[in-house]
Every structure is written in C-alpha cells, then in structure tokens.
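To start, the structure itself, in structure tokens.
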Amino acid sequence: MSAIEFKNVKKQFKDGNNIIEALKETNLKVEMGSFVAIIGPSGSGKSTFLTVAGGLQSPSEGEILINDNPFSEVEEKKRAKLRFKEIGFILQASNLIPFLKVKDQLVLVDKVNGRKGEKSKEDLFDQLDIADLANKYPDELSGGERQRVAIARSLYNDPSIILADEPTASLDSERAFEVVEILAKETKCKNKATIMVTHDTRLIEYCDHVYIMEDGVLREEKDRSQKKIETLCN
Ligand SMILES: Nc1ncnc2c1ncn2[C@@H]1O[C@H](COP(=O)(O)OP(=O)(O)OP(=O)(O)O)[C@@H](O)[C@H]1O
Ligand SMILES: [Mg+2]
C-alpha cells in the first residue's frame with residue numbers, strides 16, 4: 001500500500017504579476033515502511049512539498065492520495081479528520097502552545113483525536129529525554145528542548161505517516177542522531193512512512209530513499225542512502 005501518492009501535483013504562488021512555481025509537476029509514491037529524506041537548497045520547495053503532502057496547503061493542480069484514499073480532493077472537514085488521525089507533523093517552527101506546560105502539550109491530541117495510539121506519554125518523554133521538563137512552559141525551554149517536545153507530540157497519536165521539516169535543526173549532533181534513530185525505528189519497526197526534510201546529509205544514512213529538491217523539481221538520488229536501518233528492529 002502506498003502511504004502518500006502525488007499525481008501530477010503542482011503548487012504555485014502569486015507574487016504581484018509573477019507566478020512562483022514552488023513545486024513543479026511532481027509524481028511520487030512513498031510506500032509504507034519507507035523512510036524518505038529530502039535535501040536541497042533554501043527556497044527550493046521542500047517545505048512546500050511537505051505541507052502540500054500533509055494537506056496544510058492545497059495543490060494548485062493534480063491530486064494527492066493518503067493510504068490509497070483521495071486526500072486533496074475531499075472536503076476540508078474530512079481531510080482534517082484524516083490528517084489528525086494519520087499524519088504526524090514536525091514543522092520548521094515547533095508550534096508548541098505557549099500557555100501549556102510541556103506535560104499538557106499532548107492533551108490536545110487526546111481531545112481532538114480520540115487518541116488511537118498505545119504509546120504512553122511517560123515512555124515518549126523518557127525516549128526523548130524531556131521527562132524533567134514536564135512542568136515547564138515552552139518559553140522556558142531551549143530550541144532543542146522545544147523541538148523534542150514537538151517530536152513527542154507528533155508521535156503520541158501513533159500516526160501512520162510522519163512529515164518532518166528539519167526535525168533536528170536545533171539539536172546538537174548526538175541528539176540529532178538520537179532523534180533520527182527514533183524516527184527510523186518508528187518507520188521501520190512499525191511500518192509507517194516518514195518524509196524528512198534535512199540539511200544534514202549525515203542523517204540520510206538512516207533513510208532508504210533520498211530525493212533532491214532543486215527549483216521545485218524533485219528527483220531521486222539513487223546511491224546516497226546507506227541503509228543503516230536494516231538492523232534497527234532487532
Ligand atoms: N505562502 C507563500 N507565498 C508565496 N511564496 C511562497 C509561499 N511559500 C513559499 N513560497 C516560495 O516558494 C519557494 C519555495 O519555498 P519553500 O518554503 O518550500 O522552500 P524550502 O526549500 O523549504 O526552503 P528552506 O530550506 O529555506 O526552508 C520560495 O521561493 C518561497 O519564497
Ligand atoms: Mg523550508
């Protein structure tokens with residue numbers, strides 16, 4: 001089953017009289033169990049691709065399927081439901097809720113989703129080493145700590161698809177590897193699909209497909225991934 005499919009998808013923005021083709025015609029299938037990296041220069045269209053994939057923006061043309069179901073074509077209410085249930089976002093700005101303590105950031109997930117995951121908050125907090133921060137507010141955390149809380153929140157609902165935009169950007173290298181390993185394990189051992197935008201080419205060792213975005217064009221680079229993932233679930 002494919003987790004995400006792009007069929008002839010384009011995304012354009014208007015800038016005065018100019019049209020910016022942020023994403024040129026894109027066809028792509030991401031299978032369940034696959035960990036995909038997207039690298040490429042600033043402004044090349046990586047975040048646009050990811051937000052269109054997750055239905056945070058509509059494509060200008062073409063169609064997106066999620067778990068083989070129509071996604072971009074269905075009405076917003078249905079799409080939002082599917083998004084909450086199936087997709088975990090880790091966005092470039094970590095988007096924590098400013099007036100909630102760390103331990104309460106996940107409460108909204110319980111409320112909105114009627115949670116389906118089996119994951120306990122405690123296990124996730126331990127895994128991401130944020131248990132000691134439970135009673136702090138986002139503005140009392142470092143960038144890296146905020147990022148780890150955002151990652152915990154995105155995994156809490158056990159989404160079948162994880163879309164991560166620079167999830168390790170504010171982390172030191174040791175933590176960056178830890179986080180990417182968590183994402184790789186989620187993907188490989190639980191048969192999810194993960195797309196990770198990253199500048200850090202060391203991290204693509206954990207990915208089984210690497211794509212390069214250049215000027216709105218996505219192309220697969222065949223020999224880049226190192227398949228460090230094969231022993232992860234043992
Ligand atoms: N909402 C928008 N309105 C107008 N132009 C936009 C919008 N979002 C993105 N763009 C433009 O689309 C292009 C792609 O932007 P995008 O954010 O996808 O790049 P990116 O590859 O994620 O860059 P970075 O690595 O800096 O995060 C850029 O030229 C950007 O200015
Ligand atoms: Mg971006």
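Quick note on naming: the chains in the structure tokens go A, B, ... in the order shown, residues restart at 1 in each chain, and ligands are numbered from 1 in order of appearance.
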
Within-7 Å residues of ligand 2, basis only C-alpha atoms and all ligand atoms, as a PDB file with N, CA and C atoms, in the first residue's frame:
ATOM      1  N   SER A  42      17.978  26.183   0.092  1.00  0.00           N
ATOM      2  CA  SER A  42      16.935  27.037   0.668  1.00  0.00           C
ATOM      3  C   SER A  42      16.079  27.627  -0.456  1.00  0.00           C
ATOM      4  N   GLY A  43      14.773  27.617  -0.249  1.00  0.00           N
ATOM      5  CA  GLY A  43      13.861  28.185  -1.234  1.00  0.00           C
ATOM      6  C   GLY A  43      13.559  27.266  -2.401  1.00  0.00           C
ATOM      7  N   LYS A  46      11.072  22.553  -0.561  1.00  0.00           N
ATOM      8  CA  LYS A  46      10.967  21.387   0.330  1.00  0.00           C
ATOM      9  C   LYS A  46       9.786  21.502   1.299  1.00  0.00           C
ATOM     10  N   SER A  47       9.672  22.659   1.964  1.00  0.00           N
ATOM     11  CA  SER A  47       8.567  22.832   2.919  1.00  0.00           C
ATOM     12  C   SER A  47       7.227  22.868   2.180  1.00  0.00           C
ATOM     13  N   GLN A  92       8.904  23.222  10.827  1.00  0.00           N
ATOM     14  CA  GLN A  92      10.127  24.005  10.996  1.00  0.00           C
ATOM     15  C   GLN A  92      10.057  24.899  12.241  1.00  0.00           C
ATOM     16  N   ASP A 165       9.936  18.484   9.037  1.00  0.00           N
ATOM     17  CA  ASP A 165      10.685  19.536   8.350  1.00  0.00           C
ATOM     18  C   ASP A 165      11.859  19.960   9.222  1.00  0.00           C
TER      19      ASP A 165
END

Could you give me, as a tab-separated table, every chain A residue with an atom at most 10 Å from ligand 1, plus its closest atom pair and distance in Å to one decimal, counting only C-alpha atoms and all ligand atoms, rows ordered by chain then number?
residue	atom	partner	partner_atom_place_in_ligand_line	distance
A:Lys11	CA	ligand 1	12 (O)	8.7
A:Gln12	CA	ligand 1	12 (O)	7.8
A:Phe13	CA	ligand 1	4 (C)	4.9
A:Lys14	CA	ligand 1	4 (C)	6.3
A:Asp15	CA	ligand 1	4 (C)	6.4
A:Gly16	CA	ligand 1	4 (C)	9.9
A:Ile19	CA	ligand 1	5 (N)	8.8
A:Ile20	CA	ligand 1	12 (O)	6.4
A:Glu21	CA	ligand 1	12 (O)	7.0
A:Ala22	CA	ligand 1	12 (O)	4.3
A:Leu23	CA	ligand 1	14 (C)	7.5
A:Ile38	CA	ligand 1	21 (O)	9.3
A:Ile39	CA	ligand 1	21 (O)	8.3
A:Gly40	CA	ligand 1	21 (O)	6.6
A:Pro41	CA	ligand 1	25 (O)	5.8
A:Ser42	CA	ligand 1	25 (O)	3.4
A:Gly43	CA	ligand 1	19 (O)	3.4
A:Ser44	CA	ligand 1	21 (O)	3.9
A:Gly45	CA	ligand 1	18 (O)	3.2
A:Lys46	CA	ligand 1	21 (O)	3.8
A:Ser47	CA	ligand 1	22 (O)	3.6
A:Thr48	CA	ligand 1	18 (O)	3.7
A:Phe49	CA	ligand 1	18 (O)	6.4
A:Leu50	CA	ligand 1	18 (O)	8.1
A:Thr51	CA	ligand 1	18 (O)	8.5
A:Val52	CA	ligand 1	18 (O)	9.7
A:Gln57	CA	ligand 1	1 (N)	9.0
A:Gln92	CA	ligand 1	27 (O)	7.6
A:Asp165	CA	ligand 1	22 (O)	8.0
A:Glu166	CA	ligand 1	27 (O)	8.2
A:Val197	CA	ligand 1	22 (O)	8.2
A:Thr198	CA	ligand 1	25 (O)	8.3
A:His199	CA	ligand 1	25 (O)	7.7
A:Met213	CA	ligand 1	21 (O)	7.3
A:Glu214	CA	ligand 1	21 (O)	8.2
A:Asp215	CA	ligand 1	14 (C)	7.9
A:Gly216	CA	ligand 1	14 (C)	7.2

Report as an mmCIF file with C-alpha atoms, in the first residue's frame: the residues of region 30-161 of chain A with a DSSP assignment of helix (DSSP H, G or I), based on the backbone of this structure.
data_model
loop_
_atom_site.group_PDB
_atom_site.id
_atom_site.type_symbol
_atom_site.label_atom_id
_atom_site.label_comp_id
_atom_site.auth_asym_id
_atom_site.auth_seq_id
_atom_site.Cartn_x
_atom_site.Cartn_y
_atom_site.Cartn_z
ATOM 1 C CA LYS A 46 10.967 21.387 0.330
ATOM 2 C CA SER A 47 8.567 22.832 2.919
ATOM 3 C CA THR A 48 6.013 23.481 0.199
ATOM 4 C CA PHE A 49 6.200 19.831 -0.800
ATOM 5 C CA LEU A 50 5.769 18.670 2.800
ATOM 6 C CA THR A 51 2.860 20.950 3.670
ATOM 7 C CA VAL A 52 1.076 20.063 0.432
ATOM 8 C CA ALA A 53 1.682 16.359 1.158
ATOM 9 C CA GLU A 76 -11.811 20.141 4.211
ATOM 10 C CA LYS A 77 -13.646 18.603 7.169
ATOM 11 C CA LYS A 78 -12.942 15.080 6.010
ATOM 12 C CA ARG A 79 -9.390 15.981 5.123
ATOM 13 C CA ALA A 80 -8.779 17.476 8.575
ATOM 14 C CA LYS A 81 -10.060 14.299 10.190
ATOM 15 C CA LEU A 82 -7.792 12.113 8.075
ATOM 16 C CA ARG A 83 -4.889 14.443 8.785
ATOM 17 C CA PHE A 84 -5.359 14.327 12.560
ATOM 18 C CA LYS A 85 -5.683 10.578 12.521
ATOM 19 C CA GLU A 86 -2.948 9.571 10.118
ATOM 20 C CA VAL A 102 5.190 20.502 28.500
ATOM 21 C CA LYS A 103 3.178 17.702 30.115
ATOM 22 C CA ASP A 104 -0.046 19.289 28.816
ATOM 23 C CA VAL A 107 -3.526 16.790 25.981
ATOM 24 C CA LEU A 108 -4.919 18.427 22.889
ATOM 25 C CA VAL A 109 -4.034 15.318 20.923
ATOM 26 C CA ASP A 110 -6.198 13.294 23.328
ATOM 27 C CA LYS A 111 -9.051 15.747 22.956
ATOM 28 C CA VAL A 112 -9.008 16.336 19.246
ATOM 29 C CA ASN A 113 -8.316 12.853 18.050
ATOM 30 C CA LYS A 121 3.354 9.854 27.497
ATOM 31 C CA GLU A 122 5.932 8.714 30.040
ATOM 32 C CA ASP A 123 7.686 6.377 27.594
ATOM 33 C CA LEU A 124 7.834 9.056 24.917
ATOM 34 C CA PHE A 125 9.121 11.661 27.373
ATOM 35 C CA ASP A 126 11.821 9.241 28.502
ATOM 36 C CA GLN A 127 12.735 8.329 24.942
ATOM 37 C CA ALA A 131 10.666 13.982 31.407
ATOM 38 C CA ASP A 132 12.401 16.542 33.618
ATOM 39 C CA LEU A 133 10.845 19.377 31.649
ATOM 40 C CA PRO A 138 7.682 26.466 26.052
ATOM 41 C CA ASP A 139 9.353 29.848 26.614
ATOM 42 C CA GLU A 140 11.385 28.300 29.443
ATOM 43 C CA GLY A 143 15.270 25.487 20.982
ATOM 44 C CA GLY A 144 16.392 21.872 21.082
ATOM 45 C CA GLU A 145 14.155 21.060 24.043
ATOM 46 C CA ARG A 146 11.171 22.617 22.310
ATOM 47 C CA GLN A 147 11.948 20.592 19.241
ATOM 48 C CA ARG A 148 11.991 17.357 21.252
ATOM 49 C CA VAL A 149 8.637 18.194 22.865
ATOM 50 C CA ALA A 150 7.208 18.828 19.390
ATOM 51 C CA ILE A 151 8.535 15.458 18.260
ATOM 52 C CA ALA A 152 6.948 13.725 21.264
ATOM 53 C CA ARG A 153 3.654 15.390 20.419
ATOM 54 C CA SER A 154 3.776 14.339 16.788
ATOM 55 C CA LEU A 155 4.469 10.688 17.661
ATOM 56 C CA TYR A 156 1.979 10.449 20.516
#

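Using only C-alpha atoms for every distance, the candidate list A:Val36, A:Gly55, A:Glu174, A:Glu75 yields A:Val36 as the residue closest to Glu221 (chain A).
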
Tell me which of A:Ala37, A:Cys233, A:Leu91, A:Val30 sits closest to Leu65 (chain A), counting only C-alpha atoms. A:Val30
